[in-house]
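Here's the structure we're looking at; comments come further down.
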Amino acid sequence: MKPARLILALLARNQDSIAKAEPLLTNEFGNILLRSETIDWNFSNYYEPEMGKNLIRVWLCFQPIVNPAQLKDFKRIAMVIEDRLRDEQGNRTINLDPGILTLHNLVLATTKDYSHRIPIDTGLYAELTLIYHQGRYQPLAWTYPDYQTQTCLNFLSACRQTLLKTNI
């Protein structure tokens with residue numbers, strides 16, 4: 001197995017939502033190896049009806065090396081955690097998007113079908129989001145804007161460095 005890391009993007013109402021999610025995440029996925037800076041998420045209003053305005057984004061990289069074939073399992077677990085953290089009205093307080101980072105790319109899991117997404121399980125799809133080329137992760141035509149930010153790209157480069165140090 002080539003080395004890969006589980007990357008989890010957290011989109012949240014506030015820091016409190018992230019703090020409530022982290023123990024659940026570490027219980028399921030292991031210790032957090034790296035954490036990105038937190039950024040304001042103002043790239044669309046897609047989540048606004050459910051989660052409100054002024055959302056924040058942070059990316060986490062987990063310690064254990066993972067099998068890329070586990071992506072569908074990571075997404076299912078993330079969806080259960082999202083449900084556990086819903087507010088009194090049944091709305092999500094956090095959105096969790098798992099991805100697999102390799103030396104060559106970042107592949108995200110999603111429940112939304114589209115032309116560039118590949119089915120990996122019933123109702124789940126994989127999206128090649130970034131490729132590593134010419135010394136850095138580079139976006140594709142469909143890469144979400146937040147994954148093109150310097151914060152995200154710097155974070156993923158740091159995560160990649162941890163993969164280079166593995167002996168798998």
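Following the order of the structure tokens, chains are lettered A, B, ..., residues in each are numbered from 1, and ligands are numbered from 1.
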
Taking 4 positions as the minimum chain separation for residues in the same chain, which residues sit within 12 Å of Ile100 of chain A when counting only C-alpha atoms? Answer as an MDAnalysis selection string.
chainID A and resid 2:9 60:62 64:75 104:109 126:131 156 159:160 163

Residues from last step as file, C-alpha atoms, as a short mmCIF file (atom, residue, chain, number, x, y, z; two decimals), in the first residue's frame:
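Below is the file that was written, out-v5.cif:
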```cif
data_model
loop_
_atom_site.label_atom_id
_atom_site.label_comp_id
_atom_site.auth_asym_id
_atom_site.auth_seq_id
_atom_site.Cartn_x
_atom_site.Cartn_y
_atom_site.Cartn_z
CA LYS A 2 1.32 3.41 -0.90
CA PRO A 3 1.17 5.89 1.99
CA ALA A 4 -1.94 8.04 2.27
CA ARG A 5 -3.42 10.30 4.92
CA LEU A 6 -6.98 11.02 5.87
CA ILE A 7 -7.68 14.73 5.47
CA LEU A 8 -10.91 16.10 6.89
CA ALA A 9 -12.33 19.49 5.98
CA LEU A 60 -7.26 18.33 9.77
CA CYS A 61 -4.73 15.63 8.92
CA PHE A 62 -4.89 12.45 10.96
CA PRO A 64 -2.47 6.98 10.98
CA ILE A 65 -1.54 6.00 7.47
CA VAL A 66 -4.73 4.87 5.72
CA ASN A 67 -5.79 2.66 2.86
CA PRO A 68 -7.29 4.86 0.12
CA ALA A 69 -10.04 2.28 -0.39
CA GLN A 70 -11.42 3.33 3.01
CA LEU A 71 -12.63 6.69 1.65
CA LYS A 72 -16.25 5.52 1.47
CA ASP A 73 -16.08 4.29 5.07
CA PHE A 74 -14.62 7.61 6.23
CA LYS A 75 -17.47 9.48 4.51
CA HIS A 104 0.12 12.45 -6.15
CA ASN A 105 -3.32 13.88 -5.39
CA LEU A 106 -6.22 14.73 -3.10
CA VAL A 107 -9.45 12.79 -3.63
CA LEU A 108 -12.58 13.92 -1.78
CA ALA A 109 -15.72 11.94 -0.96
CA ALA A 126 -15.04 10.26 -5.33
CA GLU A 127 -13.70 13.46 -6.82
CA LEU A 128 -10.12 14.05 -7.87
CA THR A 129 -9.77 17.56 -6.42
CA LEU A 130 -6.07 18.41 -6.66
CA ILE A 131 -3.10 16.83 -8.41
CA LEU A 156 -1.67 19.92 2.18
CA CYS A 159 0.77 16.87 5.14
CA ARG A 160 2.56 15.60 2.05
CA LEU A 163 4.02 11.11 3.83
#
```

Extract, using only C-alpha atoms, all DNA, RNA and protein residues at most 12 Å from Leu85 of chain A, discarding same-chain residues fewer than 5 positions from it, and format them as number ranges by chain.
A: 12-13, 16-25, 51, 78-80, 90-96

DSSP-assigned alpha helix (DSSP H) members of segment 21-139 of chain A, reported as a ChimeraX atom specification:
/A:21-29,48-51,71-84

Who sits within 12 Å of segment 37-40 of chain A, only C-alpha atoms, same chain under 3 positions skipped, as a PyMOL selection string
chain A and resi 9-15+18+34+43-44+53-60+146-147+149-156

In segment 31-98 of chain A, DSSP strand (DSSP E) residues written as number ranges by chain:
A: 32-35, 39-41, 55-65, 94-98

Using only C-alpha atoms, which residues sit within 6 Å of Tyr125 of chain A once same-chain residues fewer than 6 positions away are excluded, as an MDAnalysis selection string?
chainID A and resid 109:110 117:119

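If only C-alpha atoms are the atoms counted, then among A:Leu101, A:Ile120, A:Leu140, A:Leu33 the closest residue to Arg76 of chain A is A:Ile120.
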
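Going from atom CA of Thr162 of chain A over to atom CA of Gln63 of chain A, you cover 9.4 Å.
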
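Interatomic distance, atom CA of Gln89 of chain A against atom CA of Lys112 of chain A: 23.6 Å.
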